[in-house]
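For reference, structure-v4.csv (CSV, C-alpha atoms):
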```csv
chain,number,residue,atom,x,y,z
S,1463,MET,CA,68.2,215.6,134.2
S,1464,GLY,CA,70.6,217.5,132.0
S,1465,CYS,CA,74.2,216.7,131.1
S,1466,HIS,CA,77.0,219.2,131.8
S,1467,ILE,CA,79.6,217.8,129.4
S,1468,SER,CA,79.5,216.2,126.0
S,1469,LYS,CA,80.6,212.6,125.8
S,1470,GLY,CA,84.1,212.5,124.3
S,1471,SER,CA,87.5,211.1,124.7
S,1472,SER,CA,89.9,211.8,127.6
S,1473,LYS,CA,92.4,213.2,125.1
S,1474,ALA,CA,89.8,215.8,123.9
S,1475,LYS,CA,89.2,217.0,127.5
S,1476,THR,CA,92.9,217.2,128.2
S,1477,PHE,CA,93.4,219.2,125.0
S,1478,LYS,CA,90.7,221.5,126.2
S,1479,THR,CA,92.5,222.1,129.5
S,1480,LYS,CA,95.8,222.8,127.8
S,1481,LYS,CA,94.2,225.1,125.3
S,1482,PHE,CA,92.6,227.1,128.1
S,1483,ALA,CA,95.8,227.2,130.0
S,1484,LYS,CA,97.6,228.5,127.0
S,1485,LYS,CA,95.0,231.3,126.6
S,1486,ILE,CA,95.6,232.4,130.2
S,1487,PHE,CA,99.3,231.8,130.7
S,1488,GLY,CA,100.6,232.2,127.2
S,1489,SER,CA,102.0,228.6,127.1
S,1490,SER,CA,100.7,225.5,128.7
S,1491,LYS,CA,104.3,224.4,129.2
S,1492,THR,CA,105.3,227.5,131.2
S,1493,TYR,CA,102.2,227.9,133.3
S,1494,THR,CA,104.1,227.3,136.5
S,1495,GLU,CA,106.0,230.6,136.0
S,1496,LYS,CA,102.8,232.6,136.6
S,1497,MET,CA,100.0,232.5,139.1
S,1498,PHE,CA,96.5,233.5,138.3
S,1499,VAL,CA,94.8,234.5,141.6
S,1500,THR,CA,91.3,235.9,141.8
S,1501,HIS,CA,89.0,236.7,144.7
S,1502,ASP,CA,86.5,239.5,144.8
S,1503,ASN,CA,88.2,242.9,144.8
S,1504,PHE,CA,91.4,241.8,146.5
S,1505,ALA,CA,93.4,240.0,143.8
S,1506,ASP,CA,92.0,239.9,140.3
S,1507,SER,CA,95.1,239.9,138.1
S,1508,ILE,CA,97.9,237.5,137.0
S,1509,PHE,CA,100.9,237.6,139.4
S,1510,GLU,CA,104.3,237.3,137.9
S,1511,LYS,CA,107.0,235.6,140.0
S,1512,SER,CA,108.0,238.4,142.3
S,1513,ASP,CA,109.8,239.2,145.5
S,1514,VAL,CA,107.0,241.6,146.4
S,1515,LYS,CA,104.9,240.2,149.3
S,1516,LYS,CA,101.2,240.7,149.1
S,1517,ASP,CA,100.1,243.4,151.7
S,1518,THR,CA,97.5,241.4,153.5
S,1519,SER,CA,97.2,244.2,156.2
S,1520,LYS,CA,95.8,246.5,153.5
S,1521,MET,CA,93.5,243.8,152.3
S,1522,GLU,CA,92.1,243.4,155.8
S,1523,GLU,CA,91.7,247.2,156.1
S,1524,VAL,CA,89.8,247.3,152.8
S,1525,SER,CA,87.7,244.4,154.0
S,1526,LYS,CA,86.7,246.3,157.2
S,1527,LEU,CA,85.8,249.4,155.3
S,1528,SER,CA,83.8,247.6,152.6
S,1529,GLY,CA,82.0,245.3,155.1
S,1530,GLU,CA,83.4,242.2,153.3
S,1531,PRO,CA,84.8,239.3,155.3
S,1532,THR,CA,88.5,239.3,156.3
S,1533,ILE,CA,90.6,237.1,154.0
S,1534,ARG,CA,93.3,235.4,156.0
S,1535,TYR,CA,96.0,234.4,153.4
S,1536,SER,CA,98.4,232.4,155.5
S,1537,GLU,CA,101.1,232.2,152.8
S,1538,ASP,CA,102.6,234.6,150.4
S,1539,VAL,CA,100.6,233.3,147.5
S,1540,SER,CA,102.3,235.6,145.0
S,1541,LYS,CA,105.6,233.7,145.3
S,1542,LEU,CA,104.4,230.1,145.3
S,1543,THR,CA,104.9,228.0,142.1
S,1544,LYS,CA,104.9,224.3,141.4
S,1545,GLU,CA,108.7,224.4,141.5
S,1546,SER,CA,109.2,226.6,144.7
S,1547,SER,CA,106.3,225.1,146.8
S,1548,THR,CA,107.7,221.8,147.9
S,1549,THR,CA,106.4,222.6,151.3
S,1550,ALA,CA,103.7,224.9,152.5
S,1551,ILE,CA,105.2,228.0,154.1
S,1552,ARG,CA,103.3,230.0,156.6
S,1553,THR,CA,104.0,233.5,157.8
S,1554,ASP,CA,103.4,232.7,161.5
S,1555,GLU,CA,104.8,229.9,163.6
S,1556,ASP,CA,102.5,226.9,163.3
S,1557,LEU,CA,100.4,225.9,166.3
S,1558,PHE,CA,99.4,222.7,164.5
S,1559,PRO,CA,101.6,220.7,162.1
S,1560,ILE,CA,100.9,219.7,158.6
S,1561,PRO,CA,98.4,216.7,158.8
S,1562,GLU,CA,99.1,213.1,157.8
S,1563,LYS,CA,98.0,211.9,154.3
S,1564,ASP,CA,96.0,209.0,155.7
S,1565,TYR,CA,93.9,208.5,158.8
S,1566,GLY,CA,93.0,204.9,158.4
S,1567,GLY,CA,90.8,205.6,155.4
S,1568,ASP,CA,88.7,208.1,157.3
S,1569,ARG,CA,88.3,211.0,154.9
S,1570,LEU,CA,86.5,213.1,157.6
S,1571,ALA,CA,89.4,212.8,159.9
S,1572,LEU,CA,91.8,213.9,157.1
S,1573,GLN,CA,89.5,216.8,156.3
S,1574,HIS,CA,89.4,217.8,160.0
S,1575,HIS,CA,93.2,218.0,160.3
S,1576,LEU,CA,93.5,219.7,156.9
S,1577,PHE,CA,91.3,222.6,157.9
S,1578,LYS,CA,92.7,222.7,161.4
S,1579,TYR,CA,96.0,223.3,159.8
S,1580,LEU,CA,94.8,225.9,157.3
S,1581,TRP,CA,93.0,227.9,160.0
S,1582,GLN,CA,95.6,227.0,162.7
S,1583,SER,CA,92.6,226.6,165.0
S,1584,ASN,CA,89.5,224.4,165.6
S,1585,PHE,CA,87.2,227.4,165.9
S,1586,SER,CA,87.2,231.2,165.7
S,1587,ALA,CA,84.6,232.3,168.3
S,1588,SER,CA,85.7,233.8,171.6
S,1589,VAL,CA,85.1,230.7,173.7
S,1590,GLU,CA,88.7,229.7,174.6
S,1591,GLU,CA,88.6,230.8,178.2
S,1592,LYS,CA,85.1,229.3,178.8
S,1593,LEU,CA,86.3,226.0,177.4
S,1594,LYS,CA,89.3,226.0,179.8
S,1595,THR,CA,87.1,226.5,182.8
S,1596,GLY,CA,84.2,224.3,181.7
S,1597,ALA,CA,81.7,224.8,178.9
S,1598,THR,CA,79.0,222.7,177.3
S,1599,VAL,CA,79.5,222.4,173.6
S,1600,LEU,CA,77.3,221.0,170.7
S,1601,ASP,CA,78.7,219.9,167.4
S,1602,PHE,CA,75.8,219.5,164.9
S,1603,GLY,CA,76.7,217.1,162.1
S,1604,CYS,CA,79.5,215.5,164.1
S,1605,GLY,CA,80.3,212.7,161.6
S,1606,THR,CA,83.0,210.4,162.9
S,1607,VAL,CA,83.4,212.7,166.0
S,1608,THR,CA,86.9,213.8,165.2
S,1609,TRP,CA,86.4,217.5,166.1
S,1610,LEU,CA,84.8,216.6,169.4
S,1611,ILE,CA,87.5,214.1,170.4
S,1612,ASP,CA,90.2,216.7,169.5
S,1613,LEU,CA,88.6,219.4,171.6
S,1614,SER,CA,87.8,217.0,174.5
S,1615,SER,CA,91.5,216.3,175.0
S,1616,GLN,CA,92.4,220.0,174.8
S,1617,TYR,CA,89.6,221.1,177.2
S,1618,PRO,CA,89.0,218.3,179.7
S,1619,ASN,CA,86.9,220.5,182.0
S,1620,SER,CA,84.3,220.9,179.2
S,1621,LYS,CA,81.5,218.6,178.1
S,1622,PHE,CA,80.9,217.9,174.5
S,1623,PHE,CA,77.8,216.6,172.7
S,1624,GLY,CA,77.5,215.5,169.1
S,1625,VAL,CA,74.4,215.0,167.0
S,1626,ASP,CA,74.1,213.5,163.5
S,1627,GLN,CA,71.7,211.6,161.3
S,1628,PRO,CA,70.8,208.0,162.3
S,1629,TYR,CA,72.3,206.5,159.2
S,1630,LEU,CA,75.8,207.4,160.5
S,1631,LEU,CA,75.3,204.6,163.1
S,1632,ARG,CA,76.9,202.4,160.3
S,1633,VAL,CA,80.1,204.5,160.4
S,1634,SER,CA,82.8,203.2,162.7
S,1635,THR,CA,84.1,205.8,165.2
S,1636,PRO,CA,87.1,205.8,167.5
S,1637,THR,CA,86.8,205.3,171.3
S,1638,ILE,CA,84.6,208.1,172.7
S,1639,PRO,CA,86.2,210.0,175.7
S,1640,SER,CA,84.2,210.2,178.9
S,1641,ASN,CA,83.4,213.9,178.4
S,1642,VAL,CA,81.9,213.3,174.9
S,1643,THR,CA,78.3,212.2,174.2
S,1644,VAL,CA,77.1,211.3,170.8
S,1645,GLN,CA,73.4,211.0,169.7
S,1646,TYR,CA,72.0,210.0,166.4
S,1647,TYR,CA,68.9,212.0,165.8
S,1648,ASP,CA,67.0,213.5,162.8
S,1649,ILE,CA,66.8,217.2,163.6
S,1650,LEU,CA,64.9,217.9,160.4
S,1651,LEU,CA,62.0,215.9,161.7
S,1652,SER,CA,61.8,216.8,165.3
S,1653,GLY,CA,64.4,219.4,166.3
S,1654,LEU,CA,67.2,219.0,168.7
S,1655,PRO,CA,66.7,216.7,171.8
S,1656,PHE,CA,67.9,219.3,174.3
S,1657,GLU,CA,66.3,221.8,176.7
S,1658,ASP,CA,66.4,225.6,176.0
S,1659,GLU,CA,69.7,227.3,176.8
S,1660,THR,CA,71.8,224.2,177.3
S,1661,PHE,CA,75.0,225.1,175.5
S,1662,ASP,CA,77.7,227.7,175.7
S,1663,PHE,CA,78.9,227.0,172.2
S,1664,VAL,CA,77.1,225.5,169.2
S,1665,TYR,CA,79.2,224.6,166.2
S,1666,MET,CA,78.5,223.3,162.7
S,1667,ARG,CA,80.9,222.7,159.8
S,1668,PHE,CA,80.6,221.2,156.3
S,1669,MET,CA,76.8,220.9,156.7
S,1670,THR,CA,75.3,224.0,155.2
S,1671,GLY,CA,74.8,222.3,151.9
S,1672,GLU,CA,73.3,219.2,153.6
S,1673,ILE,CA,70.3,221.0,155.0
S,1674,PRO,CA,67.4,221.7,152.6
S,1675,GLU,CA,67.7,225.4,151.8
S,1676,LYS,CA,64.2,226.3,152.8
S,1677,GLN,CA,64.8,224.8,156.3
S,1678,THR,CA,68.1,226.6,157.0
S,1679,GLU,CA,66.7,229.6,159.0
S,1680,ARG,CA,64.5,227.2,161.0
S,1681,ILE,CA,67.6,225.1,161.9
S,1682,ILE,CA,69.5,228.3,162.9
S,1683,ASN,CA,66.7,229.2,165.2
S,1684,GLU,CA,66.8,225.7,166.7
S,1685,PHE,CA,70.5,226.2,167.4
S,1686,LEU,CA,69.7,229.5,169.1
S,1687,ARG,CA,67.0,227.9,171.2
S,1688,VAL,CA,69.5,225.5,172.8
S,1689,LEU,CA,72.2,228.2,173.0
S,1690,LYS,CA,72.6,230.1,176.3
S,1691,VAL,CA,72.3,233.9,176.3
S,1692,GLY,CA,75.9,235.2,175.7
S,1693,GLY,CA,76.9,231.9,174.1
S,1694,TYR,CA,78.4,231.7,170.6
S,1695,LEU,CA,77.1,230.1,167.4
S,1696,GLU,CA,79.7,229.3,164.7
S,1697,ILE,CA,79.3,227.8,161.2
S,1698,MET,CA,82.1,226.8,158.9
S,1699,ASP,CA,82.0,225.6,155.3
S,1700,ILE,CA,83.4,225.9,151.8
S,1701,ASP,CA,81.7,227.6,148.9
S,1702,THR,CA,81.5,225.1,146.1
S,1703,GLU,CA,82.4,227.8,143.7
S,1704,GLY,CA,86.2,227.4,143.3
S,1705,ARG,CA,88.7,229.9,142.1
S,1706,ASN,CA,90.9,229.4,139.0
S,1707,VAL,CA,89.0,226.3,137.9
S,1708,GLY,CA,89.7,224.6,134.6
S,1709,PRO,CA,87.0,223.0,132.4
S,1710,ILE,CA,87.1,219.5,134.0
S,1711,THR,CA,86.8,221.0,137.5
S,1712,HIS,CA,84.0,223.2,136.2
S,1713,ASP,CA,82.1,220.2,134.9
S,1714,LEU,CA,82.6,218.2,138.1
S,1715,VAL,CA,81.5,221.2,140.3
S,1716,SER,CA,78.5,221.8,138.1
S,1717,SER,CA,77.3,218.2,138.4
S,1718,VAL,CA,77.7,218.4,142.2
S,1719,LYS,CA,75.6,221.6,142.2
S,1720,SER,CA,72.9,219.9,140.1
S,1721,TYR,CA,72.7,217.0,142.4
S,1722,TYR,CA,72.2,219.2,145.4
S,1723,LYS,CA,69.7,221.3,143.6
S,1724,ALA,CA,67.7,218.2,142.7
S,1725,THR,CA,67.5,217.5,146.5
S,1726,GLU,CA,66.5,221.1,147.3
S,1727,LYS,CA,69.9,221.9,148.8
S,1728,ASN,CA,72.5,224.5,148.1
S,1729,PRO,CA,76.1,223.5,148.2
S,1730,SER,CA,77.1,227.2,148.2
S,1731,MET,CA,74.8,228.0,151.1
S,1732,ILE,CA,77.7,229.3,153.2
S,1733,SER,CA,77.7,232.4,150.9
S,1734,LYS,CA,74.2,233.3,152.2
S,1735,MET,CA,74.9,232.6,155.9
S,1736,LYS,CA,76.2,236.1,156.8
S,1737,SER,CA,73.0,237.6,155.6
S,1738,ILE,CA,71.0,235.0,157.6
S,1739,PHE,CA,73.0,235.8,160.7
S,1740,ASN,CA,72.6,239.6,160.3
S,1741,SER,CA,68.8,239.3,159.8
S,1742,ASN,CA,68.4,237.4,163.1
S,1743,SER,CA,67.6,239.7,166.0
S,1744,ARG,CA,68.9,237.3,168.5
S,1745,LEU,CA,72.5,237.4,167.2
S,1746,THR,CA,75.1,240.2,167.7
S,1747,SER,CA,78.8,240.7,167.3
S,1748,ILE,CA,78.7,238.8,164.0
S,1749,ILE,CA,82.1,238.2,162.3
S,1750,SER,CA,82.8,236.5,159.0
S,1751,GLU,CA,86.4,235.3,158.2
S,1752,GLU,CA,87.7,233.5,155.2
S,1753,GLU,CA,90.7,231.2,154.6
S,1754,TYR,CA,92.6,230.4,151.4
S,1755,CYS,CA,92.4,226.7,150.6
S,1756,PRO,CA,94.8,225.6,147.8
S,1757,VAL,CA,94.3,222.3,146.1
S,1758,GLY,CA,97.0,220.5,144.1
S,1759,ASN,CA,100.7,219.5,144.2
S,1760,TRP,CA,101.5,223.1,143.0
S,1761,TYR,CA,101.0,224.2,146.6
S,1762,GLY,CA,103.3,221.7,148.2
S,1763,ASN,CA,102.4,219.2,151.0
S,1764,ILE,CA,99.3,220.9,152.2
S,1765,GLY,CA,98.0,221.3,148.6
S,1766,GLU,CA,98.6,217.6,148.0
S,1767,ILE,CA,96.7,216.7,151.2
S,1768,ALA,CA,93.8,218.9,150.1
S,1769,LEU,CA,93.9,217.2,146.7
S,1770,ILE,CA,93.6,213.8,148.4
S,1771,ASN,CA,90.6,215.0,150.3
S,1772,TRP,CA,88.9,216.3,147.1
S,1773,THR,CA,89.6,213.1,145.1
S,1774,LEU,CA,88.3,210.9,147.9
S,1775,LEU,CA,85.1,213.0,148.1
S,1776,LEU,CA,84.6,212.9,144.3
S,1777,ARG,CA,85.0,209.1,144.4
S,1778,GLN,CA,82.5,208.9,147.3
S,1779,MET,CA,80.0,211.0,145.3
S,1780,LYS,CA,80.4,208.9,142.2
S,1781,ASN,CA,76.9,207.4,142.1
S,1782,TYR,CA,75.2,210.7,142.8
S,1783,ILE,CA,76.9,212.9,140.2
S,1784,ILE,CA,77.6,210.5,137.3
S,1785,PRO,CA,74.0,210.8,136.1
S,1786,PHE,CA,74.3,214.6,135.8
S,1787,LEU,CA,77.6,214.3,133.9
S,1788,CYS,CA,76.1,211.6,131.5
S,1789,VAL,CA,79.4,209.7,131.4
S,1790,SER,CA,80.3,206.1,132.1
S,1791,GLU,CA,82.1,205.0,135.3
S,1792,ASN,CA,85.4,204.7,133.4
S,1793,GLU,CA,85.0,208.1,131.9
S,1794,TYR,CA,84.3,209.5,135.4
S,1795,LYS,CA,87.5,207.9,136.7
S,1796,LYS,CA,89.4,209.6,133.8
S,1797,MET,CA,87.8,212.9,134.7
S,1798,ILE,CA,89.1,212.6,138.3
S,1799,ASN,CA,92.6,211.7,137.0
S,1800,GLU,CA,92.5,214.8,134.8
S,1801,PHE,CA,91.2,216.9,137.7
S,1802,VAL,CA,94.3,216.0,139.6
S,1803,GLU,CA,96.5,217.3,136.8
S,1804,GLU,CA,94.3,220.3,136.0
S,1805,VAL,CA,94.3,221.9,139.4
S,1806,ASP,CA,98.1,222.2,139.0
S,1807,VAL,CA,97.7,223.9,135.6
S,1808,PHE,CA,95.2,226.5,136.9
S,1809,GLN,CA,96.5,226.6,140.5
S,1810,THR,CA,93.0,226.1,141.8
S,1811,HIS,CA,91.8,227.0,145.2
S,1812,TRP,CA,88.6,227.3,147.3
S,1813,ILE,CA,87.6,229.7,150.0
S,1814,SER,CA,86.7,228.4,153.5
S,1815,THR,CA,84.4,230.6,155.6
S,1816,ARG,CA,83.7,230.8,159.3
S,1817,ILE,CA,80.8,232.9,160.5
S,1818,TYR,CA,80.1,233.4,164.2
S,1819,GLY,CA,78.0,235.5,166.5
S,1820,ARG,CA,76.9,235.8,170.1
S,1821,LYS,CA,73.3,235.2,171.3
S,1822,LEU,CA,71.8,238.4,172.5
S,1823,MET,CA,68.5,237.2,173.9
```

Mind turning the file's structure into C-alpha cells?
Amino acid sequence: MGCHISKGSSKAKTFKTKKFAKKIFGSSKTYTEKMFVTHDNFADSIFEKSDVKKDTSKMEEVSKLSGEPTIRYSEDVSKLTKESSTTAIRTDEDLFPIPEKDYGGDRLALQHHLFKYLWQSNFSASVEEKLKTGATVLDFGCGTVTWLIDLSSQYPNSKFFGVDQPYLLRVSTPTIPSNVTVQYYDILLSGLPFEDETFDFVYMRFMTGEIPEKQTERIINEFLRVLKVGGYLEIMDIDTEGRNVGPITHDLVSSVKSYYKATEKNPSMISKMKSIFNSNSRLTSIISEEEYCPVGNWYGNIGEIALINWTLLLRQMKNYIIPFLCVSENEYKKMINEFVEEVDVFQTHWISTRIYGRKLM
C-alpha cells in the first residue's frame, strides 16, 4: 500500500496550494479575478472576466460532429467569480429550486436534490409520457430511496422498485409510498430477483464505481434481461477525475482511486460506459450528456451545497482512504479543511454524465 503524499505540516501544504495558484493566476491574492476552465476541446484556456458569453450552441454542434457527449453548461461560467457569484445563476427558468443545505443528516438526500437541480431533471431518457400513464421502474442502488420517493409523487400511476445491498437495512429510510417497493438483495451473487422484461425503465446512479470492474458488463446484461423491449436503460455518475484541482484535492482523489483499485473497482468507470453501451447489440438510440458540477463557495449557493456534499463524503470515507494517504486522523481533518479553501482558489469542478439507450431486442 503506497502513500500519495509526504507527511508534513498543514502550513507546508497550504503554501504548496498558494504557490501553485500563483503559478497559474499570477497572484494567489487575485485568483478570483480569473477563471481557469478546462474540459476536453471545449474550454482549455484561462478566461478573463468578460461580458462575452460562452457560445454553448457552438459547443454542442462541435460535440455532435466529433461524437463527444453534449456538455450542458447551465451557467455562463466565464463570468462567475467568487465576488460575483453570491447565487447560482441559470440561463433557463428553473423547474426545481436550489436545494436545502441539510436533509436531516442524510447525505444521499442532499446529493439527490443537488444533482436534480444541476440537471433540472431526475432523468434524461424519453420516458416522461410512459411514466404519466403508468410505467414499471427499477432503481438499482436505491440507497435511502430518495429518487424513488420523489418520482412516485410525480408519477402516481407508475410503480417503482428499488434494489440495494443487504447491509443498507441498517440505514433508516423515510416512509415508503404505496407505489414503491424496496428489496435488499445481492445482485453480484445471484442477479436481479425479477422475471425477464419486467420494467419499462431501469435506472442506476452513483454506482458505477461500486461494482467490480470485471462484472460491469454482466450487470448491464442483467439490467437488459429485466428491461422490456423498447424500454430505456439510464446510468448516471461522476468521473472521479476533477477539473482544476489543486494539490490537496489531487492527493485526496488519488487516495480514493487507490482504495477502489484495491477492491477491483474503478471510480471513473462512467468514462467507459458509453463504449460498453455502444458495444452491446441490444441497445440502440444511445445518448451521452454531461453536466458541469462546480464545487466551492466561489460558485455561490449551489457550489456551497456541492462542497457540503463532498466534505461529508470525504468524512464518511475516512477509514478507507487514510491508509493510502499515510496520515494521521488529525492530519486528514486538516486536509479536508484545506480542500474547502483550495477549491475556491482553483475553482474546481467535476463533470456528471448521463448515458441512456433503448432496448432493441

Within 10 Å of stretch 1777-1789 of chain S, which residues of stretch 1659-1766 of chain S show up? Give each one with its shortest atom-to-atom distance in Å (one decimal) and the two atoms involved, counting all atoms listed in the file, rows by chain then rising residue number, as CSV.
```
residue,atom,partner,partner_atom,distance
S:Asp1713,CA,S:Leu1787,CA,7.5
S:Leu1714,CA,S:Leu1787,CA,7.6
S:Val1715,CA,S:Ile1783,CA,9.5
S:Ser1716,CA,S:Leu1787,CA,8.6
S:Ser1717,CA,S:Phe1786,CA,5.4
S:Val1718,CA,S:Ile1783,CA,5.9
S:Lys1719,CA,S:Ile1783,CA,9.0
S:Ser1720,CA,S:Phe1786,CA,7.0
S:Tyr1721,CA,S:Ile1783,CA,6.3
S:Tyr1722,CA,S:Tyr1782,CA,9.4
```

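Our summary of the geometry notes that atom CA of S:Ser1814 is positioned 29.4 Å from atom CA of S:Thr1595.
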
Could you pull the residues within 7 Å of S:Lys1621, counting all atoms listed in the file, minus those fewer than 3 positions along the same chain, as an mmCIF file with C-alpha atoms, in the frame of the given file?
```cif
data_model
loop_
_atom_site.group_PDB
_atom_site.id
_atom_site.type_symbol
_atom_site.label_atom_id
_atom_site.label_comp_id
_atom_site.auth_asym_id
_atom_site.auth_seq_id
_atom_site.Cartn_x
_atom_site.Cartn_y
_atom_site.Cartn_z
ATOM 1 C CA ALA S 1597 81.700 224.800 178.900
ATOM 2 C CA THR S 1598 79.000 222.700 177.300
ATOM 3 C CA VAL S 1599 79.500 222.400 173.600
ATOM 4 C CA ASN S 1641 83.400 213.900 178.400
ATOM 5 C CA VAL S 1642 81.900 213.300 174.900
#
```

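Computed from the coordinates, the atom CA of S:Glu1696 to atom CA of S:Ser1640 distance equals 24.2 Å.
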
- In Å, rounded to a single decimal, give me how far atom CA of S:Asp1556 is from atom CA of S:Ile1700.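 Atom-to-atom, atom CA of S:Ile1700 to atom CA of S:Asp1556, that is 22.3 Å.
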
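When all atoms listed in the file are used to compute distances to S:Asp1662, the closest of the residues S:Lys1676, S:His1811, S:Lys1723, S:Lys1592 turns out to be S:Lys1592.
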
- Query: From the list S:His1712, S:Arg1816, S:Lys1727, S:Lys1734, which residue is nearest S:Ser1750 when using all atoms listed in the file?
  - Reply: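 The closest residue to S:Ser1750 is S:Arg1816.
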
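Distance annotation: of S:Gln1645, S:Gly1567, S:Phe1585, S:Val1757, the residue with the minimal separation from S:Thr1711 is S:Val1757; atom set is only C-alpha atoms.
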
- Task: Determine, counting all atoms listed in the file, which protein, DNA and RNA residues have an atom within 12 Å of an atom of S:Leu1745; residues of the same chain fewer than 2 positions away are not included. Present the result as a ChimeraX atom specification.
- Result: /S:1682-1683,1685-1687,1689-1696,1736-1743,1747-1749,1817-1823

- Task: Could you tell me which of S:Ile1681, S:Met1797, S:Cys1604, S:Val1644 comes closest to S:Pro1709 if we count all atoms listed in the file?
- Result: S:Met1797

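Between S:Ile1770 and the candidates S:Asp1612, S:Glu1726, S:Glu1562, S:Glu1672, the tightest atom-to-atom separation, counting only C-alpha atoms, involves S:Glu1562.
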
- Item | Who sits within 12 Å of S:Leu1774, all atoms listed in the file, same chain under 2 positions skipped, as a list in words |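 Returned residues: Lys1563, Asp1564, Gly1567, Asp1568, Arg1569, Leu1570, Leu1572, Gln1573, Ile1767, Ala1768, Leu1769, Ile1770, Asn1771, Trp1772, Leu1776, Arg1777, Gln1778, Met1779, Lys1780, Lys1795, Ile1798, Asn1799 and Val1802 of chain S.
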
- Quick one: residues within 12 Å of S:Phe1577, only C-alpha atoms counted, chain neighbours fewer than 5 positions away excluded, as a PyMOL selection string? chain S and resi 1558-1561+1570-1572+1582-1585+1609+1667-1668+1698-1700+1752-1756+1764-1765+1767-1768+1771+1812-1816
